[in-house]
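Asker: Got a structure for you, written out below as structure tokens; questions coming shortly.
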Amino acid sequence: MLTHLTLKQFAVVTGADLEFGPGLTVISGETGAGKSLLVDALGLLSGLRADSGVVRHGAERAELSADFDLADAAAARDWLRENELDDEEDASACRIRRVIRADGGSKAWINGRAATIAQLTQLAGHLVEIHGQHEHQALLSRSSQLALLDAFGRTDAELAGVATAAAAWSELLRERERLSAQGDVSDRIDWLQHQLEELDREDLDVASLEALQADHRRFGHSTALIAACESAVARLGGEEGPSISRVLGQVRGELARASEHEPRLAEVDGMLDLATIQIDEALAALDRVRSDLDIDPSAFERLERRLGRVHELARKHRLPPEQLGARRESLRTELEELRGAGERLVLLDSEIARARDAWRRAADVLGAARRTAAEALSSSTTALMGELGMGGGTFEVGFEPTAGDRPDPQGGERIEFMVSANPGQPTRPLRKVASGGELARISLAIEVASLGLDAVPTMIFDEVDTGIGGAVAHIVGQKLRALGERRQVLCVTHLPQVAAQGHSHYRVMKSKSDGVTQSEVRALSERDREEELARMLGGVELTREARAAAKRLLQDVV
């Protein structure tokens with residue numbers, strides 16, 4: 001809800017700093033004092049177009065700011081977070097600020113960050129609803145009307161069922177469009193088969209390719225490897241002098257004779273024994289390696305041809321050899337999908353038909369719930385219109401079907417609020433009602449009938465009491481107060497019967513200083529409220545009767 005509103009150099013207001021609480025706040029004042037300036041300021045903070053005329057004469061700029069408590073505005077918190085404009089220290093707080101220069105330019109900020117006018121409009125749609133001005137009224141939007149009807153009928157479960165069915169239907173339609181867009185794929189299938197036949201002729205897993213490359217390197221250097229092995233055998237086995245094993249045996253014999261005088265030499269003998277064993281095993285290993293390197297030339301040629309084929313495939317597919325295996329599986333998957341595309345298209349038609357039927361069943365359930373809710377809302381709103389001075393007027397919810405060939409997550413119908421303000425007149429769309437006073441009262445009747453079920457936490461009524469008085473004015477005030485029990489309500493009024501119903505009261509007063517008109521906004525105490533109501537009842541002269549009547553109005557509030 002709105003908690004704070006600051007105006008500086010705005011129109012005829014030099015400065016105003018206003019605090020707001022829950023419930024119904026009324027704003028009164030003499031004609032021409034600027035009662036609607038607070039509404040205008042909130043409209044500008046909601047993204048309405050500004051011009052230099054809103055800047056106080058002689059000032060360089062006008063500054064407006066509003067603070068909101070978002071505890072009851074989940075949609076606003078989500079929007080701020082999604083747009084990265086939330087208050088990092090307090091997610092339940094929001095400040096909107098706008099500066100309008102005397103040259104007509106303006107800037108805006110949300111939580112201290114620069115924002116566009118479009119962003120102001122989007123955010124304000126989750127925070128403020130202004131009744132009585134066609135330029136900014138959520139109830140004139142058919143989407144908002146549908147949301148309010150769904151909230152009134154508590155159709156969350158039915159709406160979720162339609163959305164789920166629509167999503168399933170949409171996914172199948174997208175799959176069919178994708179498959180159909182492929183057209184004649186026979187050439188592609190032939191090409192894929194040819195590529196796979198080439199790739200399947202070779203063993204292309206990574207381990208096999210690594211072994212192939214290692215064998216090729218080894219056999220390519222076989223001459224040098226054989227020479228190295230033969231030289232090592234000759235030197236270790238004694239072909240080029242005494243063998244190392246024989247030398248070690250002689251050394252061990254000499255140490256054995258000396259070890260009876262030095263026991264530690266026995267440990268050295270054990271080491272030499274192990275060395276002898278290791279050398280014998282090394283000679284055996286060298287002999288095996290030497291034997292493996294004796295390959296015939298034809299085997300080496302076959303190895304080279306295989307490696308050449310692998311490199312040719314790698315060049316053809318423009319991939320490193322180790323990625324050929326993954327390429328083969330990718331082509332195989334595509335081939336299987338294309339071969340099954342025709343069969344899948346046949347299956348998709350039946351699946352789409354079933355999904356469409358499921359959506360229609362869910363949409364029918366939702367539509368029935370909406371029509372039941374519409375009857376109740378129409379009856380309640382029509383009755384309230386009569387109480388608000390529009391006897392004989394009617395309110396209806398008009399339905400029209402949507403095209404059923406595409407899935408719609410909102411259901412199978414669109415609605416529009418239809419009204420007739422006078423008996424005998426046909427109903428017309430609410431958005432086409434011309435009178436601001438009628439529109440405000442009809443909106444009030446809808447809001448009261450639906451008990452403020454729409455998600456916008458702060459509602460503002462301007463000109464709601466235009467053209468009414470007496471008992472009807474008293475009822476309007478009671479309805480506004482009742483609405484204030486569920487939502488924060490601000491109401492600009494010139495009727496004492498309405499003003500008396502407020503939980504809090506502001507008065508706008510006009511004065512002149514050095515020939516310049518200025519307005520002041522002041523919160524009223526209980527005593528001040530009596531005086532203000534007496535003024536509204538009796539005019540400039542505050543009589544004893546007017547004060548007594550004002551006191552009775554306040555006492556009658558329940």
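Labels for the structure tokens follow display order: chains A, B, ..., residues from 1 in each chain, ligands from 1.
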Just the residues within 7 Å of stretch 11-28 of chain A, please, counting only C-alpha atoms, with nothing from its chain fewer than 3 positions along; format it as an MDAnalysis selection string.

Answerer: chainID A and resid 2:8 35 54:56 480:481 484:485 487:494 499 502:508 517:521

Asker: With N, CA and C atoms retained, write the just-selected residues as a JSON list (two decimals), in the first residue's frame.

Answerer:
```
[["chain", "number", "residue", "atom", "x", "y", "z"],
["A", 2, "LEU", "N", 0.27, 2.36, -0.37],
["A", 2, "LEU", "CA", 0.96, 3.65, -0.37],
["A", 2, "LEU", "C", 1.17, 4.09, 1.07],
["A", 3, "THR", "N", 2.41, 4.44, 1.41],
["A", 3, "THR", "CA", 2.70, 4.87, 2.78],
["A", 3, "THR", "C", 3.13, 6.33, 2.87],
["A", 4, "HIS", "N", 3.67, 6.86, 1.76],
["A", 4, "HIS", "CA", 4.23, 8.22, 1.83],
["A", 4, "HIS", "C", 4.15, 8.84, 0.45],
["A", 5, "LEU", "N", 3.77, 10.13, 0.41],
["A", 5, "LEU", "CA", 3.72, 10.86, -0.85],
["A", 5, "LEU", "C", 4.31, 12.24, -0.62],
["A", 6, "THR", "N", 5.28, 12.60, -1.45],
["A", 6, "THR", "CA", 5.96, 13.90, -1.33],
["A", 6, "THR", "C", 5.80, 14.67, -2.62],
["A", 7, "LEU", "N", 5.39, 15.94, -2.50],
["A", 7, "LEU", "CA", 5.25, 16.84, -3.65],
["A", 7, "LEU", "C", 6.11, 18.07, -3.41],
["A", 8, "LYS", "N", 6.85, 18.46, -4.44],
["A", 8, "LYS", "CA", 7.65, 19.69, -4.35],
["A", 8, "LYS", "C", 7.48, 20.48, -5.65],
["A", 35, "LYS", "N", -7.88, 19.73, -4.88],
["A", 35, "LYS", "CA", -8.07, 18.43, -4.23],
["A", 35, "LYS", "C", -7.54, 17.28, -5.08],
["A", 54, "VAL", "N", 2.75, 21.24, -15.15],
["A", 54, "VAL", "CA", 2.64, 20.74, -13.78],
["A", 54, "VAL", "C", 3.72, 21.33, -12.88],
["A", 55, "VAL", "N", 4.67, 22.06, -13.44],
["A", 55, "VAL", "CA", 5.74, 22.68, -12.64],
["A", 55, "VAL", "C", 5.23, 24.02, -12.12],
["A", 56, "ARG", "N", 5.41, 24.24, -10.83],
["A", 56, "ARG", "CA", 4.94, 25.48, -10.21],
["A", 56, "ARG", "C", 5.59, 26.69, -10.90],
["A", 480, "LEU", "N", -17.44, 2.82, 0.33],
["A", 480, "LEU", "CA", -16.00, 3.10, 0.27],
["A", 480, "LEU", "C", -15.31, 2.65, 1.55],
["A", 481, "ARG", "N", -15.95, 2.88, 2.67],
["A", 481, "ARG", "CA", -15.35, 2.46, 3.95],
["A", 481, "ARG", "C", -15.27, 0.92, 4.01],
["A", 484, "GLY", "N", -12.50, -0.17, 2.05],
["A", 484, "GLY", "CA", -11.27, 0.15, 2.76],
["A", 484, "GLY", "C", -10.88, -0.89, 3.79],
["A", 485, "GLU", "N", -11.82, -1.74, 4.18],
["A", 485, "GLU", "CA", -11.48, -2.82, 5.10],
["A", 485, "GLU", "C", -10.66, -3.91, 4.42],
["A", 487, "ARG", "N", -8.92, -3.15, 1.15],
["A", 487, "ARG", "CA", -7.87, -2.52, 0.37],
["A", 487, "ARG", "C", -7.65, -1.10, 0.89],
["A", 488, "GLN", "N", -6.48, -0.56, 0.59],
["A", 488, "GLN", "CA", -6.27, 0.85, 0.89],
["A", 488, "GLN", "C", -7.03, 1.68, -0.15],
["A", 489, "VAL", "N", -7.83, 2.65, 0.33],
["A", 489, "VAL", "CA", -8.68, 3.45, -0.56],
["A", 489, "VAL", "C", -8.42, 4.92, -0.28],
["A", 490, "LEU", "N", -8.18, 5.69, -1.34],
["A", 490, "LEU", "CA", -8.09, 7.16, -1.26],
["A", 490, "LEU", "C", -9.25, 7.73, -2.07],
["A", 491, "CYS", "N", -9.96, 8.70, -1.50],
["A", 491, "CYS", "CA", -11.12, 9.25, -2.18],
["A", 491, "CYS", "C", -11.11, 10.77, -2.09],
["A", 492, "VAL", "N", -11.13, 11.43, -3.25],
["A", 492, "VAL", "CA", -11.29, 12.88, -3.31],
["A", 492, "VAL", "C", -12.79, 13.16, -3.33],
["A", 493, "THR", "N", -13.28, 13.97, -2.40],
["A", 493, "THR", "CA", -14.72, 14.17, -2.27],
["A", 493, "THR", "C", -15.06, 15.61, -1.89],
["A", 494, "HIS", "N", -16.28, 16.02, -2.24],
["A", 494, "HIS", "CA", -16.80, 17.30, -1.76],
["A", 494, "HIS", "C", -18.06, 17.09, -0.93],
["A", 499, "ALA", "N", -17.02, 12.06, 3.27],
["A", 499, "ALA", "CA", -15.83, 12.40, 4.06],
["A", 499, "ALA", "C", -15.91, 11.86, 5.48],
["A", 502, "GLY", "N", -14.32, 8.34, 6.37],
["A", 502, "GLY", "CA", -12.89, 8.07, 6.27],
["A", 502, "GLY", "C", -12.26, 7.63, 7.57],
["A", 503, "HIS", "N", -11.28, 6.74, 7.46],
["A", 503, "HIS", "CA", -10.46, 6.39, 8.63],
["A", 503, "HIS", "C", -9.46, 7.51, 8.92],
["A", 504, "SER", "N", -9.11, 8.27, 7.89],
["A", 504, "SER", "CA", -8.26, 9.45, 8.06],
["A", 504, "SER", "C", -8.71, 10.49, 7.04],
["A", 505, "HIS", "N", -8.28, 11.75, 7.27],
["A", 505, "HIS", "CA", -8.85, 12.85, 6.48],
["A", 505, "HIS", "C", -7.77, 13.89, 6.22],
["A", 506, "TYR", "N", -7.61, 14.26, 4.94],
["A", 506, "TYR", "CA", -6.74, 15.37, 4.55],
["A", 506, "TYR", "C", -7.59, 16.49, 3.98],
["A", 507, "ARG", "N", -7.16, 17.73, 4.28],
["A", 507, "ARG", "CA", -7.83, 18.88, 3.68],
["A", 507, "ARG", "C", -6.83, 19.67, 2.84],
["A", 508, "VAL", "N", -7.26, 20.07, 1.64],
["A", 508, "VAL", "CA", -6.45, 20.91, 0.76],
["A", 508, "VAL", "C", -6.99, 22.33, 0.86],
["A", 517, "THR", "N", -1.09, 32.23, -5.98],
["A", 517, "THR", "CA", -1.92, 31.21, -5.34],
["A", 517, "THR", "C", -1.08, 29.99, -5.00],
["A", 518, "GLN", "N", -1.31, 29.46, -3.81],
["A", 518, "GLN", "CA", -0.65, 28.22, -3.43],
["A", 518, "GLN", "C", -1.60, 27.38, -2.58],
["A", 519, "SER", "N", -1.37, 26.08, -2.59],
["A", 519, "SER", "CA", -2.22, 25.16, -1.84],
["A", 519, "SER", "C", -1.40, 24.44, -0.79],
["A", 520, "GLU", "N", -2.06, 24.12, 0.30],
["A", 520, "GLU", "CA", -1.44, 23.40, 1.41],
["A", 520, "GLU", "C", -2.30, 22.19, 1.73],
["A", 521, "VAL", "N", -1.66, 21.06, 2.00],
["A", 521, "VAL", "CA", -2.37, 19.82, 2.34],
["A", 521, "VAL", "C", -2.07, 19.50, 3.80]]
```

Asker: A:Val498: which residues within 7 Å, counting only C-alpha atoms, same-chain residues fewer than 2 positions away excluded, as a list in words?

Answerer: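 Near neighbours after the sequence-gap exclusion: Ala473, His474, Val476, Gly477, Thr493, Leu495, Pro496, Ala500 and Gln501 of chain A.
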
Asker: Write out, as a PDB file, in the first residue's frame, the residues just selected, with N, CA and C atoms.

Answerer:
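Okay, this is what ended up in again.pdb:
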```pdb
ATOM      1  N   ALA A 473     -25.320   9.633  -1.185  1.00  0.00           N
ATOM      2  CA  ALA A 473     -23.961  10.008  -0.779  1.00  0.00           C
ATOM      3  C   ALA A 473     -23.544   9.237   0.458  1.00  0.00           C
ATOM      4  N   HIS A 474     -24.485   9.061   1.389  1.00  0.00           N
ATOM      5  CA  HIS A 474     -24.176   8.312   2.617  1.00  0.00           C
ATOM      6  C   HIS A 474     -23.828   6.859   2.283  1.00  0.00           C
ATOM      7  N   VAL A 476     -22.661   5.751  -0.625  1.00  0.00           N
ATOM      8  CA  VAL A 476     -21.359   5.747  -1.284  1.00  0.00           C
ATOM      9  C   VAL A 476     -20.243   5.750  -0.248  1.00  0.00           C
ATOM     10  N   GLY A 477     -20.386   6.599   0.760  1.00  0.00           N
ATOM     11  CA  GLY A 477     -19.370   6.646   1.808  1.00  0.00           C
ATOM     12  C   GLY A 477     -19.245   5.322   2.532  1.00  0.00           C
ATOM     13  N   THR A 493     -13.279  13.973  -2.396  1.00  0.00           N
ATOM     14  CA  THR A 493     -14.725  14.173  -2.274  1.00  0.00           C
ATOM     15  C   THR A 493     -15.056  15.606  -1.891  1.00  0.00           C
ATOM     16  N   LEU A 495     -18.384  15.817  -0.640  1.00  0.00           N
ATOM     17  CA  LEU A 495     -19.589  15.518   0.121  1.00  0.00           C
ATOM     18  C   LEU A 495     -19.248  15.158   1.562  1.00  0.00           C
ATOM     19  N   PRO A 496     -19.876  15.800   2.534  1.00  0.00           N
ATOM     20  CA  PRO A 496     -19.591  15.482   3.944  1.00  0.00           C
ATOM     21  C   PRO A 496     -19.990  14.058   4.301  1.00  0.00           C
ATOM     22  N   ALA A 500     -17.125  11.817   6.038  1.00  0.00           N
ATOM     23  CA  ALA A 500     -17.282  11.346   7.422  1.00  0.00           C
ATOM     24  C   ALA A 500     -16.903   9.880   7.583  1.00  0.00           C
ATOM     25  N   GLN A 501     -16.922   9.113   6.494  1.00  0.00           N
ATOM     26  CA  GLN A 501     -16.656   7.678   6.576  1.00  0.00           C
ATOM     27  C   GLN A 501     -15.167   7.352   6.568  1.00  0.00           C
TER      28      GLN A 501
END
```

Asker: Determine the nearest neighbour of A:Ala165 from the options A:Ala363, A:Met385, A:Leu347, A:Leu64, counting only C-alpha atoms.

Answerer: A:Ala363

Asker: So, with only C-alpha atoms as the atoms that count, which of A:Glu416, A:Glu541, A:Glu158, A:Glu262 lies closest to A:Leu366?

Answerer: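 Nearest to A:Leu366: A:Glu158.
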
Asker: Tell me which protein, DNA and RNA residues are within 6 Å of A:Val397, counting only C-alpha atoms, leaving out same-chain ones fewer than 6 positions away, and put them as an MDAnalysis selection string.

Answerer: chainID A and resid 374 416:418

Asker: Using DSSP on the backbone coordinates, identify all residues within stretch 75-225 of chain A classified as strand (DSSP E or B); present the result as a PyMOL selection string.

Answerer: chain A and resi 93-101+106-110+113-115+128-131

Asker: Calculated over only C-alpha atoms, which of the candidates A:Val310, A:Trp359, A:Glu329, A:Pro423 has the smallest distance to A:Pro409?

Answerer: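 When distances to A:Pro409 are compared using only C-alpha atoms, the smallest one comes from A:Trp359.
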
Asker: Can you pull out every residue within 7 Å of stretch 525-533 of chain A, counting only C-alpha atoms, but drop anything in the same chain fewer than 6 positions away, and send it as a list in words?

Answerer: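 The neighbour list is Pro496, Arg547, Ala550 and Lys551 of chain A.
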
Asker: Write a file of the just-selected residues containing C-alpha atoms, as an mmCIF file, in the first residue's frame.

Answerer:
```
data_model
loop_
_atom_site.group_PDB
_atom_site.id
_atom_site.type_symbol
_atom_site.label_atom_id
_atom_site.label_comp_id
_atom_site.auth_asym_id
_atom_site.auth_seq_id
_atom_site.Cartn_x
_atom_site.Cartn_y
_atom_site.Cartn_z
ATOM 1 C CA PRO A 496 -19.591 15.482 3.944
ATOM 2 C CA ARG A 547 -21.364 21.732 13.626
ATOM 3 C CA ALA A 550 -21.088 17.265 11.382
ATOM 4 C CA LYS A 551 -20.765 15.707 14.830
#
```

Asker: Mind giving me the straight-line distance from atom CA of A:Glu334 to atom CA of A:Leu209 in Å, one decimal?

Answerer: 24.3 Å

Asker: Please compute the atom CA of A:Leu204-atom CA of A:Asp187 distance, one decimal, in Å.

Answerer: 25.7 Å

Asker: Could you find all residues in stretch 121-160 of chain A that DSSP calls alpha helix (DSSP H) from the backbone, and write them as a list in words?

Answerer: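 Alpha helix (DSSP H) members of stretch 121-160 of chain A, listed: Thr121, Gln122, Leu123, Ala124, Arg142, Ser143, Ser144, Gln145, Leu146, Ala147, Leu148, Leu149, Asp150, Ala151, Phe152, Gly153, Asp156, Ala157, Glu158, Leu159 and Ala160 of chain A.
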
Asker: What's the separation between atom CA of A:Asp269 and atom CA of A:Arg252, in Å to one decimal place?

Answerer: 5.9 Å

Asker: As a compact mmCIF listing (two decimals) with N, CA and C atoms, in the first residue's frame, please: the residues near A:Thr276 (cut-off 12 Å, only C-alpha atoms, same-chain neighbours under 4 positions excluded).

Answerer:
```txt
# COMPACT_ATOMS: atom_id res chain seq x y z
N LEU A 236 74.05 -56.45 -21.77
CA LEU A 236 73.64 -57.06 -20.50
C LEU A 236 73.94 -58.56 -20.47
N GLY A 237 73.87 -59.23 -21.65
CA GLY A 237 74.00 -60.69 -21.67
C GLY A 237 75.41 -61.20 -21.87
N SER A 243 79.12 -60.85 -18.88
CA SER A 243 77.74 -60.46 -18.60
C SER A 243 77.66 -59.86 -17.21
N ILE A 244 76.68 -59.00 -17.05
CA ILE A 244 76.49 -58.34 -15.74
C ILE A 244 76.11 -59.37 -14.70
N SER A 245 75.30 -60.38 -15.12
CA SER A 245 74.91 -61.42 -14.15
C SER A 245 76.13 -62.18 -13.62
N ARG A 246 77.10 -62.49 -14.52
CA ARG A 246 78.30 -63.20 -14.08
C ARG A 246 79.13 -62.35 -13.14
N VAL A 247 79.26 -61.07 -13.45
CA VAL A 247 80.02 -60.16 -12.59
C VAL A 247 79.39 -60.09 -11.22
N LEU A 248 78.04 -59.99 -11.18
CA LEU A 248 77.35 -59.91 -9.89
C LEU A 248 77.56 -61.18 -9.08
N GLY A 249 77.61 -62.36 -9.79
CA GLY A 249 77.82 -63.63 -9.08
C GLY A 249 79.20 -63.65 -8.43
N GLN A 250 80.20 -63.16 -9.14
CA GLN A 250 81.55 -63.13 -8.59
C GLN A 250 81.61 -62.22 -7.36
N VAL A 251 80.97 -61.05 -7.47
CA VAL A 251 80.99 -60.12 -6.35
C VAL A 251 80.31 -60.73 -5.14
N ARG A 252 79.21 -61.43 -5.34
CA ARG A 252 78.49 -62.03 -4.22
C ARG A 252 79.36 -63.08 -3.53
N ASP A 269 74.42 -58.56 0.05
CA ASP A 269 74.28 -59.73 -0.79
C ASP A 269 72.84 -59.91 -1.26
N GLY A 270 71.87 -59.63 -0.35
CA GLY A 270 70.45 -59.73 -0.72
C GLY A 270 70.09 -58.74 -1.82
N MET A 271 70.64 -57.53 -1.72
CA MET A 271 70.37 -56.52 -2.77
C MET A 271 70.90 -56.97 -4.11
N LEU A 272 72.11 -57.53 -4.11
CA LEU A 272 72.71 -57.98 -5.37
C LEU A 272 71.93 -59.15 -5.96
N ASP A 280 67.88 -60.46 -15.25
CA ASP A 280 67.42 -61.61 -16.03
C ASP A 280 66.03 -61.35 -16.61
N GLU A 281 65.12 -60.72 -15.82
CA GLU A 281 63.77 -60.42 -16.32
C GLU A 281 63.82 -59.35 -17.41
N ALA A 282 64.74 -58.39 -17.28
CA ALA A 282 64.87 -57.35 -18.31
C ALA A 282 65.34 -57.97 -19.62
N LEU A 283 66.27 -58.94 -19.56
CA LEU A 283 66.73 -59.61 -20.79
C LEU A 283 65.59 -60.36 -21.47
```

Asker: Excluding A:Glu129 and residues on its chain fewer than 6 positions from it, collect all residues at most 12 Å away from it, counting only C-alpha atoms, and give them as a PDB file with N, CA and C atoms, in the first residue's frame.

Answerer:
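Contents of result-v1.pdb, freshly written:
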```pdb
ATOM      1  N   MET A   1       0.845  -1.197   0.000  1.00  0.00           N
ATOM      2  CA  MET A   1       0.000   0.000   0.000  1.00  0.00           C
ATOM      3  C   MET A   1       0.878   1.244   0.000  1.00  0.00           C
ATOM      4  N   LEU A   2       0.268   2.360  -0.374  1.00  0.00           N
ATOM      5  CA  LEU A   2       0.957   3.649  -0.371  1.00  0.00           C
ATOM      6  C   LEU A   2       1.172   4.095   1.075  1.00  0.00           C
ATOM      7  N   VAL A  39      -4.210  13.024  -6.716  1.00  0.00           N
ATOM      8  CA  VAL A  39      -4.508  12.003  -7.715  1.00  0.00           C
ATOM      9  C   VAL A  39      -3.638  12.218  -8.957  1.00  0.00           C
ATOM     10  N   LEU A  42      -0.105  10.986  -8.312  1.00  0.00           N
ATOM     11  CA  LEU A  42       0.010   9.534  -8.391  1.00  0.00           C
ATOM     12  C   LEU A  42      -0.120   9.057  -9.833  1.00  0.00           C
ATOM     13  N   GLY A  43      -0.922   9.759 -10.619  1.00  0.00           N
ATOM     14  CA  GLY A  43      -1.016   9.417 -12.034  1.00  0.00           C
ATOM     15  C   GLY A  43       0.309   9.605 -12.746  1.00  0.00           C
ATOM     16  N   SER A  46       2.625   7.034 -11.942  1.00  0.00           N
ATOM     17  CA  SER A  46       2.210   5.776 -12.576  1.00  0.00           C
ATOM     18  C   SER A  46       2.516   5.747 -14.062  1.00  0.00           C
ATOM     19  N   THR A 121       4.808   2.583 -15.733  1.00  0.00           N
ATOM     20  CA  THR A 121       3.452   2.140 -16.043  1.00  0.00           C
ATOM     21  C   THR A 121       3.252   0.682 -15.662  1.00  0.00           C
ATOM     22  N   LEU A 123       4.953  -1.164 -13.438  1.00  0.00           N
ATOM     23  CA  LEU A 123       4.977  -1.343 -11.993  1.00  0.00           C
ATOM     24  C   LEU A 123       3.706  -0.792 -11.354  1.00  0.00           C
ATOM     25  N   GLU A 135      -7.774   7.626 -18.448  1.00  0.00           N
ATOM     26  CA  GLU A 135      -6.414   7.363 -18.891  1.00  0.00           C
ATOM     27  C   GLU A 135      -5.717   6.296 -18.048  1.00  0.00           C
ATOM     28  N   HIS A 136      -6.196   6.018 -16.873  1.00  0.00           N
ATOM     29  CA  HIS A 136      -5.452   5.088 -16.016  1.00  0.00           C
ATOM     30  C   HIS A 136      -6.450   4.330 -15.144  1.00  0.00           C
ATOM     31  N   GLN A 137      -7.035   3.287 -15.698  1.00  0.00           N
ATOM     32  CA  GLN A 137      -8.063   2.563 -14.958  1.00  0.00           C
ATOM     33  C   GLN A 137      -8.043   1.105 -15.364  1.00  0.00           C
ATOM     34  N   ALA A 138      -7.628   0.281 -14.418  1.00  0.00           N
ATOM     35  CA  ALA A 138      -7.432  -1.131 -14.741  1.00  0.00           C
ATOM     36  C   ALA A 138      -8.743  -1.811 -15.128  1.00  0.00           C
ATOM     37  N   LEU A 139      -9.852  -1.381 -14.559  1.00  0.00           N
ATOM     38  CA  LEU A 139     -11.111  -2.055 -14.841  1.00  0.00           C
ATOM     39  C   LEU A 139     -11.586  -1.845 -16.275  1.00  0.00           C
ATOM     40  N   LEU A 140     -10.990  -0.912 -16.995  1.00  0.00           N
ATOM     41  CA  LEU A 140     -11.355  -0.725 -18.398  1.00  0.00           C
ATOM     42  C   LEU A 140     -10.662  -1.744 -19.287  1.00  0.00           C
ATOM     43  N   SER A 141      -9.671  -2.428 -18.770  1.00  0.00           N
ATOM     44  CA  SER A 141      -8.933  -3.432 -19.543  1.00  0.00           C
ATOM     45  C   SER A 141      -9.667  -4.766 -19.470  1.00  0.00           C
ATOM     46  N   SER A 144      -7.923  -7.287 -17.329  1.00  0.00           N
ATOM     47  CA  SER A 144      -8.122  -7.062 -15.898  1.00  0.00           C
ATOM     48  C   SER A 144      -9.519  -7.504 -15.483  1.00  0.00           C
ATOM     49  N   ALA A 440     -17.010   6.160 -12.243  1.00  0.00           N
ATOM     50  CA  ALA A 440     -16.433   5.971 -10.910  1.00  0.00           C
ATOM     51  C   ALA A 440     -17.378   5.198 -10.014  1.00  0.00           C
ATOM     52  N   SER A 443     -17.561   1.560 -11.152  1.00  0.00           N
ATOM     53  CA  SER A 443     -16.331   0.894 -10.719  1.00  0.00           C
ATOM     54  C   SER A 443     -16.375   0.603  -9.235  1.00  0.00           C
ATOM     55  N   LEU A 444     -16.899   1.562  -8.463  1.00  0.00           N
ATOM     56  CA  LEU A 444     -17.028   1.345  -7.018  1.00  0.00           C
ATOM     57  C   LEU A 444     -17.960   0.174  -6.752  1.00  0.00           C
ATOM     58  N   GLU A 447     -16.112  -3.029  -7.506  1.00  0.00           N
ATOM     59  CA  GLU A 447     -15.093  -3.310  -6.489  1.00  0.00           C
ATOM     60  C   GLU A 447     -15.731  -3.792  -5.193  1.00  0.00           C
ATOM     61  N   GLY A 452     -12.884  -6.230  -3.518  1.00  0.00           N
ATOM     62  CA  GLY A 452     -11.476  -5.929  -3.768  1.00  0.00           C
ATOM     63  C   GLY A 452     -10.640  -7.145  -4.077  1.00  0.00           C
ATOM     64  N   ASP A 454      -9.385  -8.075  -6.874  1.00  0.00           N
ATOM     65  CA  ASP A 454      -8.269  -7.862  -7.789  1.00  0.00           C
ATOM     66  C   ASP A 454      -7.011  -7.584  -6.982  1.00  0.00           C
ATOM     67  N   ALA A 455      -5.879  -7.786  -7.598  1.00  0.00           N
ATOM     68  CA  ALA A 455      -4.621  -7.814  -6.844  1.00  0.00           C
ATOM     69  C   ALA A 455      -4.053  -6.439  -6.519  1.00  0.00           C
ATOM     70  N   VAL A 456      -4.595  -5.357  -7.107  1.00  0.00           N
ATOM     71  CA  VAL A 456      -4.022  -4.026  -6.890  1.00  0.00           C
ATOM     72  C   VAL A 456      -4.357  -3.567  -5.462  1.00  0.00           C
ATOM     73  N   PRO A 457      -3.342  -3.241  -4.657  1.00  0.00           N
ATOM     74  CA  PRO A 457      -3.590  -2.967  -3.232  1.00  0.00           C
ATOM     75  C   PRO A 457      -4.134  -1.579  -2.927  1.00  0.00           C
ATOM     76  N   THR A 458      -3.918  -0.602  -3.805  1.00  0.00           N
ATOM     77  CA  THR A 458      -4.335   0.779  -3.519  1.00  0.00           C
ATOM     78  C   THR A 458      -5.283   1.257  -4.614  1.00  0.00           C
ATOM     79  N   MET A 459      -6.499   1.675  -4.206  1.00  0.00           N
ATOM     80  CA  MET A 459      -7.494   2.174  -5.152  1.00  0.00           C
ATOM     81  C   MET A 459      -7.814   3.626  -4.824  1.00  0.00           C
ATOM     82  N   ILE A 460      -7.916   4.417  -5.875  1.00  0.00           N
ATOM     83  CA  ILE A 460      -8.151   5.852  -5.717  1.00  0.00           C
ATOM     84  C   ILE A 460      -9.416   6.214  -6.493  1.00  0.00           C
ATOM     85  N   PHE A 461     -10.348   6.898  -5.816  1.00  0.00           N
ATOM     86  CA  PHE A 461     -11.593   7.305  -6.445  1.00  0.00           C
ATOM     87  C   PHE A 461     -11.638   8.828  -6.516  1.00  0.00           C
ATOM     88  N   ASP A 462     -11.758   9.299  -7.748  1.00  0.00           N
ATOM     89  CA  ASP A 462     -11.840  10.739  -7.989  1.00  0.00           C
ATOM     90  C   ASP A 462     -13.170  11.017  -8.688  1.00  0.00           C
ATOM     91  N   ARG A 487      -8.918  -3.150   1.152  1.00  0.00           N
ATOM     92  CA  ARG A 487      -7.871  -2.516   0.366  1.00  0.00           C
ATOM     93  C   ARG A 487      -7.654  -1.101   0.893  1.00  0.00           C
ATOM     94  N   GLN A 488      -6.484  -0.558   0.589  1.00  0.00           N
ATOM     95  CA  GLN A 488      -6.266   0.855   0.885  1.00  0.00           C
ATOM     96  C   GLN A 488      -7.029   1.678  -0.149  1.00  0.00           C
ATOM     97  N   VAL A 489      -7.833   2.648   0.332  1.00  0.00           N
ATOM     98  CA  VAL A 489      -8.676   3.448  -0.556  1.00  0.00           C
ATOM     99  C   VAL A 489      -8.418   4.924  -0.285  1.00  0.00           C
ATOM    100  N   LEU A 490      -8.185   5.694  -1.343  1.00  0.00           N
ATOM    101  CA  LEU A 490      -8.094   7.155  -1.260  1.00  0.00           C
ATOM    102  C   LEU A 490      -9.250   7.725  -2.069  1.00  0.00           C
ATOM    103  N   CYS A 491      -9.960   8.701  -1.502  1.00  0.00           N
ATOM    104  CA  CYS A 491     -11.119   9.252  -2.183  1.00  0.00           C
ATOM    105  C   CYS A 491     -11.109  10.774  -2.092  1.00  0.00           C
TER     106      CYS A 491
END
```
